$ cat entry-v1.txt   # compact mmCIF, C-alpha atoms
# COMPACT_ATOMS: atom_id res chain seq x y z
CA MET A 1047 -65.72 25.37 -145.41
CA SER A 1048 -67.54 24.37 -148.60
CA ALA A 1049 -66.06 24.92 -152.05
CA VAL A 1050 -68.61 27.65 -152.81
CA ARG A 1051 -67.98 29.32 -149.48
CA THR A 1052 -64.26 29.18 -150.11
CA ALA A 1053 -64.68 30.76 -153.53
CA ARG A 1054 -66.85 33.48 -152.04
CA THR A 1055 -64.25 34.22 -149.42
CA VAL A 1056 -61.48 34.45 -152.00
CA VAL A 1057 -63.33 36.83 -154.30
CA ALA A 1058 -65.39 38.69 -151.76
CA ALA A 1059 -63.69 42.07 -152.14
CA THR A 1060 -62.62 42.24 -148.53
CA LEU A 1061 -59.61 44.07 -147.27
CA VAL A 1062 -58.99 41.56 -144.51
CA ALA A 1063 -58.53 38.24 -146.27
CA GLY A 1064 -60.22 35.44 -144.40
CA LEU A 1065 -61.65 37.64 -141.63
CA ALA A 1066 -64.86 38.96 -143.17
CA ALA A 1067 -66.83 36.80 -145.61
CA THR A 1068 -68.68 39.12 -147.96
CA ALA A 1069 -70.90 38.31 -150.83
CA LEU A 1070 -70.43 36.37 -153.98
CA ALA A 1071 -73.25 33.96 -154.36
CA ALA A 1072 -73.58 30.36 -155.50
CA PRO A 1073 -74.51 29.65 -159.13
CA ALA A 1074 -78.08 30.34 -160.14
CA LEU A 1075 -80.82 27.80 -159.59
CA ALA A 1076 -84.10 27.49 -161.45
CA ALA A 1077 -86.42 28.98 -158.84
CA PRO A 1078 -87.99 32.26 -160.00
CA ALA A 1079 -87.70 35.41 -157.92
CA PRO A 1080 -90.89 36.73 -156.29
CA ALA A 1081 -92.46 39.74 -157.95
CA LYS A 1082 -92.44 41.95 -154.82
CA GLN A 1083 -90.39 42.14 -151.65
CA ASP A 1084 -91.63 42.91 -148.16
CA HIS A 1085 -88.11 42.76 -146.67
CA ALA A 1086 -89.17 40.20 -144.04
CA ALA A 1087 -86.61 37.67 -145.25
CA ALA A 1088 -83.83 40.27 -145.14
CA GLN A 1089 -84.85 41.23 -141.61
CA ARG A 1090 -84.79 37.60 -140.54
CA ALA A 1091 -81.27 37.28 -141.98
CA LEU A 1092 -80.12 40.30 -139.98
CA GLN A 1093 -81.53 38.77 -136.81
CA ALA A 1094 -79.93 35.41 -137.66
CA ALA A 1095 -76.56 37.14 -137.87
CA VAL A 1096 -77.03 38.63 -134.41
CA ASP A 1097 -78.19 35.26 -133.09
CA ALA A 1098 -74.95 33.83 -134.50
CA GLY A 1099 -72.88 36.30 -132.49
CA VAL A 1100 -72.74 39.54 -134.50
CA PRO A 1101 -73.28 42.38 -132.00
CA GLY A 1102 -75.17 44.55 -134.49
CA ALA A 1103 -76.46 44.48 -138.06
CA VAL A 1104 -78.05 47.10 -140.30
CA ALA A 1105 -79.43 47.10 -143.83
CA GLN A 1106 -81.24 49.63 -145.97
CA ALA A 1107 -82.98 48.84 -149.24
CA ARG A 1108 -84.76 50.77 -151.98
CA ASP A 1109 -87.05 49.22 -154.56
CA GLY A 1110 -88.57 51.71 -156.94
CA ARG A 1111 -90.00 54.45 -154.75
CA THR A 1112 -90.14 52.43 -151.55
CA ALA A 1113 -87.43 52.33 -148.90
CA TRP A 1114 -86.79 50.09 -145.90
CA THR A 1115 -84.39 50.09 -142.97
CA GLY A 1116 -83.76 47.01 -140.88
CA THR A 1117 -81.60 46.61 -137.78
CA ALA A 1118 -80.78 43.93 -135.25
CA GLY A 1119 -78.70 44.11 -132.12
CA GLU A 1120 -76.82 47.31 -131.37
CA ARG A 1121 -76.56 48.78 -134.88
CA LYS A 1122 -78.75 51.81 -135.69
CA GLY A 1123 -80.22 52.59 -139.09
CA ASP A 1124 -78.05 55.67 -139.69
CA ASP A 1125 -74.80 54.26 -138.32
CA ARG A 1126 -71.64 55.00 -140.25
CA TYR A 1127 -69.10 52.23 -140.70
CA ARG A 1128 -65.82 51.39 -142.40
CA VAL A 1129 -66.72 49.96 -145.82
CA GLY A 1130 -63.43 48.20 -146.62
CA SER A 1131 -63.09 47.18 -150.24
CA ILE A 1132 -66.25 48.95 -151.34
CA THR A 1133 -63.70 51.77 -151.62
CA LYS A 1134 -62.48 50.05 -154.78
CA THR A 1135 -65.60 50.97 -156.76
CA PHE A 1136 -65.08 54.65 -155.94
CA VAL A 1137 -61.43 54.43 -157.02
CA ALA A 1138 -62.25 52.68 -160.30
CA THR A 1139 -64.97 55.25 -161.03
CA VAL A 1140 -62.47 58.11 -160.67
CA LEU A 1141 -60.01 56.44 -163.05
CA LEU A 1142 -62.75 55.84 -165.61
CA GLN A 1143 -63.75 59.50 -165.34
CA LEU A 1144 -60.14 60.51 -165.94
CA GLN A 1145 -60.05 58.29 -169.00
CA ALA A 1146 -63.26 59.87 -170.32
CA GLU A 1147 -61.52 63.25 -169.98
CA GLY A 1148 -58.53 62.01 -171.99
CA ARG A 1149 -56.13 62.33 -169.06
CA ILE A 1150 -55.26 58.62 -168.91
CA ASP A 1151 -55.83 55.47 -170.92
CA LEU A 1152 -56.60 52.40 -168.83
CA ASP A 1153 -54.47 50.39 -171.23
CA ASP A 1154 -51.44 52.47 -170.31
CA PRO A 1155 -48.70 50.43 -168.66
CA VAL A 1156 -48.45 51.06 -164.93
CA GLU A 1157 -44.80 52.00 -165.52
CA LYS A 1158 -45.91 55.12 -167.41
CA TRP A 1159 -47.46 56.59 -164.28
CA LEU A 1160 -45.43 54.89 -161.55
CA PRO A 1161 -41.94 54.39 -162.99
CA GLY A 1162 -39.91 51.85 -161.09
CA VAL A 1163 -42.58 51.16 -158.46
CA VAL A 1164 -43.75 47.73 -159.65
CA ARG A 1165 -40.44 45.92 -159.81
CA GLY A 1166 -38.92 42.95 -158.03
CA ASN A 1167 -39.14 39.17 -157.89
CA GLY A 1168 -40.68 39.00 -161.36
CA HIS A 1169 -43.04 41.97 -161.07
CA ASP A 1170 -42.72 44.37 -163.98
CA GLY A 1171 -44.91 47.46 -164.29
CA ARG A 1172 -43.99 47.73 -167.97
CA LYS A 1173 -46.05 44.60 -168.66
CA ILE A 1174 -49.07 45.45 -166.49
CA THR A 1175 -51.83 47.85 -167.51
CA VAL A 1176 -53.94 50.07 -165.29
CA ARG A 1177 -56.99 48.09 -166.46
CA GLN A 1178 -55.40 44.89 -165.16
CA LEU A 1179 -55.04 46.52 -161.77
CA LEU A 1180 -58.74 47.35 -161.73
CA ASN A 1181 -60.01 43.91 -162.75
CA HIS A 1182 -57.42 41.94 -160.75
CA THR A 1183 -55.76 40.28 -163.71
CA SER A 1184 -52.37 41.89 -163.06
CA GLY A 1185 -50.89 38.99 -161.11
CA VAL A 1186 -49.48 41.44 -158.55
CA TYR A 1187 -49.08 39.82 -155.13
CA SER A 1188 -51.52 41.09 -152.48
CA VAL A 1189 -49.90 42.88 -149.56
CA THR A 1190 -52.59 41.50 -147.25
CA SER A 1191 -51.35 37.97 -148.00
CA ASP A 1192 -47.88 38.69 -146.61
CA PRO A 1193 -47.46 36.68 -143.36
CA GLY A 1194 -45.58 39.43 -141.56
CA PHE A 1195 -48.14 42.07 -142.52
CA GLN A 1196 -50.96 39.76 -141.43
CA GLU A 1197 -49.37 39.14 -138.04
CA LYS A 1198 -48.82 42.83 -137.39
CA ILE A 1199 -52.07 44.19 -138.79
CA PHE A 1200 -54.72 41.48 -138.53
CA GLY A 1201 -53.58 39.37 -135.60
CA PRO A 1202 -52.96 40.27 -131.94
CA GLY A 1203 -50.17 42.58 -133.14
CA PHE A 1204 -52.90 44.96 -134.28
CA LEU A 1205 -53.36 46.19 -130.70
CA GLU A 1206 -49.77 47.46 -130.71
CA HIS A 1207 -49.69 48.67 -134.30
CA ARG A 1208 -53.25 49.93 -134.86
CA TYR A 1209 -52.11 53.57 -135.14
CA ASP A 1210 -49.03 52.99 -137.28
CA ARG A 1211 -48.96 55.12 -140.41
CA TRP A 1212 -48.20 53.40 -143.70
CA THR A 1213 -47.30 55.01 -146.99
CA PRO A 1214 -48.69 53.48 -150.19
CA LYS A 1215 -45.12 52.82 -151.30
CA GLN A 1216 -44.44 50.83 -148.12
CA LEU A 1217 -47.48 48.63 -148.84
CA VAL A 1218 -46.36 48.05 -152.44
CA ASP A 1219 -42.80 47.32 -151.38
CA ILE A 1220 -44.02 44.53 -149.09
CA ALA A 1221 -45.85 42.97 -152.04
CA MET A 1222 -42.75 43.26 -154.22
CA THR A 1223 -40.81 40.96 -151.86
CA HIS A 1224 -42.95 38.10 -153.22
CA ALA A 1225 -43.22 36.60 -156.69
CA PRO A 1226 -46.27 37.49 -158.82
CA ASP A 1227 -49.27 35.20 -158.65
CA PHE A 1228 -49.19 34.74 -162.45
CA ALA A 1229 -48.15 36.49 -165.65
CA PRO A 1230 -50.23 39.63 -166.34
CA GLY A 1231 -53.54 38.91 -168.08
CA THR A 1232 -53.34 35.13 -167.80
CA ALA A 1233 -55.59 34.56 -164.75
CA TRP A 1234 -57.58 36.27 -162.01
CA ASN A 1235 -56.74 36.74 -158.35
CA TYR A 1236 -57.96 39.35 -155.90
CA SER A 1237 -55.10 41.60 -154.80
CA ASN A 1238 -55.36 44.61 -152.53
CA THR A 1239 -52.02 45.84 -153.90
CA ASN A 1240 -53.77 46.47 -157.22
CA TYR A 1241 -55.87 49.22 -155.67
CA VAL A 1242 -53.04 50.68 -153.63
CA LEU A 1243 -51.36 51.16 -157.01
CA ALA A 1244 -54.61 52.51 -158.52
CA GLY A 1245 -54.77 55.17 -155.84
CA MET A 1246 -51.16 56.08 -156.52
CA VAL A 1247 -51.95 56.40 -160.24
CA ILE A 1248 -54.82 58.81 -159.48
CA GLU A 1249 -52.45 60.93 -157.44
CA LYS A 1250 -49.87 60.99 -160.25
CA VAL A 1251 -52.49 61.98 -162.85
CA THR A 1252 -54.22 64.65 -160.73
CA GLY A 1253 -51.33 65.87 -158.61
CA ARG A 1254 -53.48 65.61 -155.47
CA PRO A 1255 -54.37 62.91 -152.91
CA TYR A 1256 -56.68 60.30 -154.43
CA GLY A 1257 -59.20 61.02 -151.66
CA LYS A 1258 -59.63 64.58 -152.93
CA ALA A 1259 -60.57 63.21 -156.35
CA VAL A 1260 -63.14 60.90 -154.73
CA GLU A 1261 -64.54 63.79 -152.71
CA ASN A 1262 -64.73 66.29 -155.58
CA ARG A 1263 -65.95 63.87 -158.25
CA ILE A 1264 -68.31 61.61 -156.31
CA ILE A 1265 -68.98 62.54 -152.68
CA LYS A 1266 -69.81 66.21 -153.20
CA PRO A 1267 -71.82 65.91 -156.45
CA LEU A 1268 -73.98 63.12 -154.98
CA LYS A 1269 -74.24 64.89 -151.59
CA LEU A 1270 -72.98 61.82 -149.73
CA ARG A 1271 -72.90 63.48 -146.32
CA ALA A 1272 -72.03 60.31 -144.39
CA THR A 1273 -69.18 59.30 -146.72
CA SER A 1274 -65.54 60.19 -146.19
CA VAL A 1275 -61.97 59.28 -147.06
CA PRO A 1276 -60.39 59.53 -143.60
CA GLY A 1277 -56.72 59.60 -144.61
CA THR A 1278 -54.81 59.54 -141.31
CA ASP A 1279 -57.76 60.18 -138.97
CA VAL A 1280 -58.15 57.14 -136.71
CA ARG A 1281 -61.57 58.14 -135.36
CA MET A 1282 -65.04 57.07 -136.43
CA PRO A 1283 -67.53 59.87 -137.09
CA LYS A 1284 -70.87 59.84 -135.30
CA PRO A 1285 -73.37 58.29 -135.40
CA SER A 1286 -71.66 54.93 -135.21
CA SER A 1287 -71.47 51.92 -132.93
CA PRO A 1288 -68.29 49.99 -132.07
CA ALA A 1289 -66.61 47.54 -134.45
CA TYR A 1290 -65.49 44.24 -132.94
CA SER A 1291 -62.88 41.65 -133.87
CA THR A 1292 -61.39 38.53 -132.34
CA LEU A 1293 -58.13 39.30 -134.21
CA SER A 1294 -57.94 35.57 -134.71
CA ALA A 1295 -59.28 32.74 -136.83
CA ASP A 1296 -60.66 31.30 -133.58
CA PRO A 1297 -64.25 32.56 -133.19
CA ASN A 1298 -64.02 31.89 -129.44
CA ALA A 1299 -61.03 34.18 -128.95
CA THR A 1300 -61.32 37.38 -126.94
CA VAL A 1301 -63.38 40.08 -128.67
CA HIS A 1302 -61.76 43.50 -129.01
CA ASP A 1303 -63.13 46.94 -129.87
CA VAL A 1304 -61.25 47.79 -133.06
CA SER A 1305 -63.18 50.90 -134.05
CA ARG A 1306 -60.11 53.14 -134.03
CA LEU A 1307 -57.31 52.35 -136.47
CA SER A 1308 -55.01 54.02 -138.95
CA PRO A 1309 -56.79 54.05 -142.33
CA THR A 1310 -53.36 54.14 -143.98
CA LEU A 1311 -53.11 50.36 -143.55
CA ALA A 1312 -55.80 50.13 -146.23
CA TYR A 1313 -55.38 53.31 -148.29
CA ALA A 1314 -57.21 53.14 -151.66
CA ALA A 1315 -57.84 49.41 -151.25
CA GLY A 1316 -60.31 49.92 -148.42
CA GLU A 1317 -60.13 52.98 -146.15
CA MET A 1318 -63.46 54.72 -146.75
CA ILE A 1319 -66.33 55.31 -144.30
CA SER A 1320 -70.01 55.56 -145.28
CA ASP A 1321 -73.51 54.49 -144.32
CA SER A 1322 -76.17 52.35 -145.99
CA ASN A 1323 -78.09 55.29 -147.45
CA ASP A 1324 -75.05 56.87 -149.10
CA LEU A 1325 -73.78 53.56 -150.49
CA GLN A 1326 -77.11 52.95 -152.19
CA THR A 1327 -77.12 56.46 -153.61
CA PHE A 1328 -73.64 55.88 -155.05
CA TYR A 1329 -74.29 52.50 -156.67
CA ARG A 1330 -77.69 53.54 -158.03
CA ALA A 1331 -76.18 56.68 -159.58
CA LEU A 1332 -73.28 54.69 -161.01
CA LEU A 1333 -75.42 51.98 -162.60
CA LYS A 1334 -77.90 54.53 -163.94
CA GLY A 1335 -75.09 56.28 -165.83
CA LYS A 1336 -74.95 59.46 -163.75
CA LEU A 1337 -71.23 59.23 -162.97
CA LEU A 1338 -69.74 57.82 -166.18
CA PRO A 1339 -70.35 58.19 -169.92
CA LYS A 1340 -71.87 55.14 -171.61
CA ALA A 1341 -68.55 53.95 -173.02
CA GLU A 1342 -66.82 54.00 -169.65
CA LEU A 1343 -69.75 52.34 -167.87
CA ARG A 1344 -69.66 49.64 -170.53
CA GLU A 1345 -65.97 49.09 -169.75
CA MET A 1346 -66.66 48.99 -166.03
CA THR A 1347 -69.34 46.32 -166.44
CA THR A 1348 -67.26 44.18 -168.82
CA THR A 1349 -66.30 41.31 -166.54
CA VAL A 1350 -63.69 38.57 -166.40
CA PRO A 1351 -64.51 35.16 -164.87
CA ILE A 1352 -63.35 34.61 -161.33
CA SER A 1353 -63.93 30.91 -160.67
CA PRO A 1354 -65.18 27.86 -162.61
CA GLU A 1355 -67.27 27.09 -159.53
CA LEU A 1356 -69.16 30.37 -159.96
CA PRO A 1357 -70.06 30.68 -163.65
CA GLY A 1358 -72.60 33.43 -162.91
CA ALA A 1359 -70.04 35.65 -161.20
CA GLY A 1360 -67.56 38.03 -162.78
CA TYR A 1361 -65.35 40.99 -161.90
CA GLY A 1362 -65.38 44.19 -163.92
CA LEU A 1363 -63.47 47.36 -163.06
CA GLY A 1364 -64.00 47.70 -159.33
CA LEU A 1365 -67.46 46.20 -159.74
CA MET A 1366 -68.65 42.62 -159.36
CA LYS A 1367 -71.66 40.83 -160.75
CA GLN A 1368 -73.19 37.72 -159.27
CA LYS A 1369 -76.26 35.56 -159.66
CA LEU A 1370 -78.29 34.65 -156.62
CA SER A 1371 -80.03 31.34 -156.01
CA CYS A 1372 -83.24 32.65 -157.60
CA GLY A 1373 -81.42 33.63 -160.79
CA LYS A 1374 -81.45 37.37 -160.15
CA GLU A 1375 -78.28 39.19 -161.22
CA ILE A 1376 -76.91 41.90 -158.95
CA TRP A 1377 -73.96 44.29 -159.21
CA GLY A 1378 -71.87 45.89 -156.50
CA HIS A 1379 -69.06 45.13 -154.11
CA GLY A 1380 -68.43 43.75 -150.65
CA GLY A 1381 -65.94 44.96 -148.13
CA GLY A 1382 -64.33 43.84 -144.91
CA ILE A 1383 -61.97 45.57 -142.54
CA HIS A 1384 -61.33 45.12 -138.82
CA GLY A 1385 -64.66 44.58 -137.08
CA SER A 1386 -66.73 45.51 -140.10
CA SER A 1387 -68.29 43.40 -142.87
CA SER A 1388 -70.27 45.27 -145.51
CA ASP A 1389 -72.03 44.74 -148.83
CA ALA A 1390 -73.69 47.06 -151.33
CA GLN A 1391 -75.56 45.60 -154.31
CA ALA A 1392 -78.10 46.68 -156.91
CA THR A 1393 -79.84 45.36 -159.98
CA ARG A 1394 -78.20 46.40 -163.24
CA ASP A 1395 -80.81 49.12 -163.84
CA GLY A 1396 -80.10 50.55 -160.38
CA ASN A 1397 -83.75 50.41 -159.33
CA HIS A 1398 -83.49 47.81 -156.55
CA SER A 1399 -80.60 48.18 -154.12
CA ILE A 1400 -79.39 47.25 -150.66
CA ALA A 1401 -76.44 48.16 -148.47
CA LEU A 1402 -75.66 46.42 -145.20
CA ASN A 1403 -73.12 46.08 -142.43
CA PHE A 1404 -72.26 43.73 -139.58
CA ASN A 1405 -70.03 45.19 -136.85
CA ALA A 1406 -68.06 41.96 -136.49
CA ASP A 1407 -65.61 40.06 -138.69
CA TRP A 1408 -65.67 36.51 -137.32
CA THR A 1409 -69.25 35.43 -137.89
CA GLY A 1410 -72.43 36.30 -139.79
CA ASP A 1411 -73.57 35.70 -143.38
CA THR A 1412 -74.05 38.80 -145.51
CA LEU A 1413 -75.10 36.64 -148.45
CA ALA A 1414 -78.20 35.55 -146.53
CA VAL A 1415 -79.32 39.18 -146.33
CA LEU A 1416 -78.83 39.64 -150.08
CA GLU A 1417 -80.75 36.44 -150.80
CA GLY A 1418 -83.51 37.57 -148.46
CA GLU A 1419 -83.85 40.98 -150.10
CA PHE A 1420 -83.62 40.03 -153.76
CA CYS A 1421 -85.07 36.50 -153.66
CA GLY A 1422 -87.37 36.55 -150.62
$ encode --input "entry-v1.txt" --output "structure tokens"
Amino acid sequence: MSAVRTARTVVAATLVAGLAATALAAPALAAPAPAKQDHAAAQRALQAAVDAGVPGAVAQARDGRTAWTGTAGERKGDDRYRVGSITKTFVATVLLQLQAEGRIDLDDPVEKWLPGVVRGNGHDGRKITVRQLLNHTSGVYSVTSDPGFQEKIFGPGFLEHRYDRWTPKQLVDIAMTHAPDFAPGTAWNYSNTNYVLAGMVIEKVTGRPYGKAVENRIIKPLKLRATSVPGTDVRMPKPSSPAYSTLSADPNATVHDVSRLSPTLAYAAGEMISDSNDLQTFYRALLKGKLLPKAELREMTTTVPISPELPGAGYGLGLMKQKLSCGKEIWGHGGGIHGSSSDAQATRDGNHSIALNFNADWTGDTLAVLEGEFCG
């Protein structure tokens, strides 16, 4: 694995670390982007993913007033899928809305809202702010890096434990058995525990499940009819096609249908379901300022560096920016969960967007689809 590929994997906003490589691109090169897109390059990238072993791939794009849907293999254009860590952008948006209403300050210590929860082995919620959760500068250990959790949830143990119900506190407690990655605010490292805590903060502020806030503040106003926060429902809504995983780092291992699982293993770090049309609607509305006041959108798009190897990439509050090989800057998030690798990206003005999914987590290059759409 190349250094750039490794960096992309580390910062790719996936729930399942190392299983689904989503998109942070290489540093920009000098080649200019073409003036218009015909989507042929994106379609070729979808087909290349299927040729590489992905059972099905789908992408939808909008550029100005034009729209395109591309598929390859068994995916259909209106399929719904688990979006993994794309959930994080929804969660961050809700917290920024709550700040705009004066109900929370993102610079509040986590301890204010979750007293005693972030404690143990050097973790201290009194020294970590809610903002640091959202931009992954908290230093909090990621629950998905715990070897025991990985074995039970991401390896062959998944087949036995796929329907287990987890509480957010259980997920945090696993993380607290490890030392922090670094002192708060001194570095950057992607941690799914950050967004488990963020969901818990929303619930403390609103007095209701975080999913209800997402539904009432984002899903219903934008009429995202294919988007849901499943909670404890293990089923996939229709239309959808199966999600497949090898449950192993070995790409030649047995392939399993992993469509059904307990969303509680991901919670606010990655449980949501959507489709490519809804994801584009969400990110376009967000970047066009329809969900947040200007001040809060400015905070969301204020980024911290993630890697010296990727000077054009940065992480904001649940939102990433990256530069593609043609120099074009895009904003969005990627997401991976069992048998599902997704990406949703748009230009900063929200006018050109794409959302895509592969129904496999062991092969396929989502970055190639982004490069094809935005660079040709």
$ closest_residue --input "entry-v1.txt" --among "A:Thr1135, A:Gln1089, A:Asn1167, A:Ser1286" --to "Thr1412 in chain A" --atoms "all atoms listed in the file"
A:Gln1089
$ closest_residue --input "entry-v1.txt" --among "A:Arg1344, A:Arg1126, A:Arg1177, A:His1224" --to "Ala1272 in chain A" --atoms "all atoms listed in the file"
A:Arg1126
$ residues_around --input "entry-v1.txt" --residues "range 1190-1198 of chain A" --least-positions-apart "6" --cutoff "10 Å" --atoms "all atoms listed in the file" --output "VMD selection string"
chain A and resid 1061 to 1064 1204 to 1208 1217 1220 to 1221 1223 to 1224 1237 to 1239 1293 to 1294 1311 to 1312
$ atom_distance --input "entry-v1.txt" --atom1 "CA of Glu1249 in chain A" --atom2 "CA of Leu1179 in chain A"
15.3 Å
$ residues_around --input "entry-v1.txt" --residues "range 1348-1363 of chain A" --least-positions-apart "3" --cutoff "6 Å" --atoms "all atoms listed in the file" --output "number ranges by chain"
A: 1073, 1180-1181, 1345, 1366-1369
$ atom_distance --input "entry-v1.txt" --atom1 "CA of Gly1116 in chain A" --atom2 "CA of Leu1270 in chain A"
20.3 Å
$ residues_around --input "entry-v1.txt" --residues "Thr1393 in chain A" --least-positions-apart "4" --cutoff "8 Å" --atoms "only C-alpha atoms" --output "tab-separated table (two decimals) with C-alpha atoms, keeping the file's coordinate frame"
chain	number	residue	atom	x	y	z
A	1375	GLU	CA	-78.28	39.19	-161.22
A	1376	ILE	CA	-76.91	41.90	-158.95
A	1377	TRP	CA	-73.96	44.29	-159.21
A	1397	ASN	CA	-83.75	50.41	-159.33
A	1398	HIS	CA	-83.49	47.81	-156.55
A	1399	SER	CA	-80.60	48.18	-154.12
$ closest_residue --input "entry-v1.txt" --among "A:Trp1114, A:Tyr1209, A:Trp1234, A:Phe1136" --to "Gln1178 in chain A" --atoms "only C-alpha atoms"
A:Trp1234
$ axis_aligned_box --input "entry-v1.txt" --around "range 1356-1366 of chain A" --padding-each-side "5 Å" --output "JSON"
{"center_x": -68.0, "center_y": 39.0, "center_z": -161.6, "size_x": 19.1, "size_y": 27.3, "size_z": 14.6}
$ residues_around --input "entry-v1.txt" --residues "range 1095-1111 of chain A" --least-positions-apart "2" --cutoff "7 Å" --atoms "all atoms listed in the file" --output "count of residues only"
29
$ closest_residue --input "entry-v1.txt" --among "A:Ser1188, A:Asn1262, A:Ser1131, A:Thr1273" --to "Ala1314 in chain A" --atoms "all atoms listed in the file"
A:Ser1131
$ atom_distance --input "entry-v1.txt" --atom1 "CA of Asn1240 in chain A" --atom2 "CA of Gly1396 in chain A"
26.8 Å
$ decode --input "entry-v1.txt" --residues "range 1344-1350 of chain A" --atoms "all heavy atoms" --output "PDB file, in the first residue's frame"
ATOM      1  N   ARG A1344     -19.232  28.750   8.338  1.00  0.00           N
ATOM      2  CA  ARG A1344     -17.816  29.130   8.327  1.00  0.00           C
ATOM      3  C   ARG A1344     -17.028  28.271   9.319  1.00  0.00           C
ATOM      4  O   ARG A1344     -15.915  27.822   9.021  1.00  0.00           O
ATOM      5  CB  ARG A1344     -17.670  30.611   8.668  1.00  0.00           C
ATOM      6  CG  ARG A1344     -16.251  31.159   8.475  1.00  0.00           C
ATOM      7  CD  ARG A1344     -16.186  32.637   8.818  1.00  0.00           C
ATOM      8  NE  ARG A1344     -17.204  33.403   8.123  1.00  0.00           N
ATOM      9  CZ  ARG A1344     -18.215  34.031   8.702  1.00  0.00           C
ATOM     10  NH1 ARG A1344     -18.343  33.998  10.023  1.00  0.00           N
ATOM     11  NH2 ARG A1344     -19.109  34.704   8.002  1.00  0.00           N
ATOM     12  N   GLU A1345     -17.607  28.012  10.490  1.00  0.00           N
ATOM     13  CA  GLU A1345     -16.941  27.146  11.454  1.00  0.00           C
ATOM     14  C   GLU A1345     -16.809  25.722  10.926  1.00  0.00           C
ATOM     15  O   GLU A1345     -15.772  25.076  11.098  1.00  0.00           O
ATOM     16  CB  GLU A1345     -17.717  27.138  12.776  1.00  0.00           C
ATOM     17  CG  GLU A1345     -17.641  28.442  13.552  1.00  0.00           C
ATOM     18  CD  GLU A1345     -18.240  28.313  14.939  1.00  0.00           C
ATOM     19  OE1 GLU A1345     -18.003  27.278  15.589  1.00  0.00           O
ATOM     20  OE2 GLU A1345     -18.949  29.245  15.368  1.00  0.00           O
ATOM     21  N   MET A1346     -17.864  25.246  10.291  1.00  0.00           N
ATOM     22  CA  MET A1346     -17.841  23.880   9.770  1.00  0.00           C
ATOM     23  C   MET A1346     -16.758  23.694   8.720  1.00  0.00           C
ATOM     24  O   MET A1346     -16.133  22.633   8.629  1.00  0.00           O
ATOM     25  CB  MET A1346     -19.209  23.525   9.185  1.00  0.00           C
ATOM     26  CG  MET A1346     -19.339  22.068   8.754  1.00  0.00           C
ATOM     27  SD  MET A1346     -20.981  21.686   8.143  1.00  0.00           S
ATOM     28  CE  MET A1346     -21.312  20.147   9.006  1.00  0.00           C
ATOM     29  N   THR A1347     -16.525  24.708   7.903  1.00  0.00           N
ATOM     30  CA  THR A1347     -15.563  24.611   6.806  1.00  0.00           C
ATOM     31  C   THR A1347     -14.179  25.142   7.181  1.00  0.00           C
ATOM     32  O   THR A1347     -13.323  25.291   6.310  1.00  0.00           O
ATOM     33  CB  THR A1347     -16.088  25.351   5.566  1.00  0.00           C
ATOM     34  OG1 THR A1347     -16.436  26.695   5.916  1.00  0.00           O
ATOM     35  CG2 THR A1347     -17.328  24.657   4.995  1.00  0.00           C
ATOM     36  N   THR A1348     -13.977  25.433   8.459  1.00  0.00           N
ATOM     37  CA  THR A1348     -12.637  25.775   8.947  1.00  0.00           C
ATOM     38  C   THR A1348     -11.928  24.460   9.278  1.00  0.00           C
ATOM     39  O   THR A1348     -12.346  23.732  10.178  1.00  0.00           O
ATOM     40  CB  THR A1348     -12.710  26.666  10.193  1.00  0.00           C
ATOM     41  OG1 THR A1348     -13.368  27.891   9.842  1.00  0.00           O
ATOM     42  CG2 THR A1348     -11.317  26.972  10.712  1.00  0.00           C
ATOM     43  N   THR A1349     -10.889  24.146   8.538  1.00  0.00           N
ATOM     44  CA  THR A1349     -10.296  22.816   8.624  1.00  0.00           C
ATOM     45  C   THR A1349      -8.980  22.805   9.395  1.00  0.00           C
ATOM     46  O   THR A1349      -8.312  23.831   9.543  1.00  0.00           O
ATOM     47  CB  THR A1349     -10.048  22.234   7.230  1.00  0.00           C
ATOM     48  OG1 THR A1349      -9.090  23.053   6.538  1.00  0.00           O
ATOM     49  CG2 THR A1349     -11.334  22.169   6.425  1.00  0.00           C
ATOM     50  N   VAL A1350      -8.639  21.624   9.863  1.00  0.00           N
ATOM     51  CA  VAL A1350      -7.319  21.365  10.445  1.00  0.00           C
ATOM     52  C   VAL A1350      -6.599  20.402   9.510  1.00  0.00           C
ATOM     53  O   VAL A1350      -7.231  19.578   8.833  1.00  0.00           O
ATOM     54  CB  VAL A1350      -7.438  20.755  11.855  1.00  0.00           C
ATOM     55  CG1 VAL A1350      -8.040  21.771  12.814  1.00  0.00           C
ATOM     56  CG2 VAL A1350      -8.254  19.472  11.854  1.00  0.00           C
TER      57      VAL A1350
END
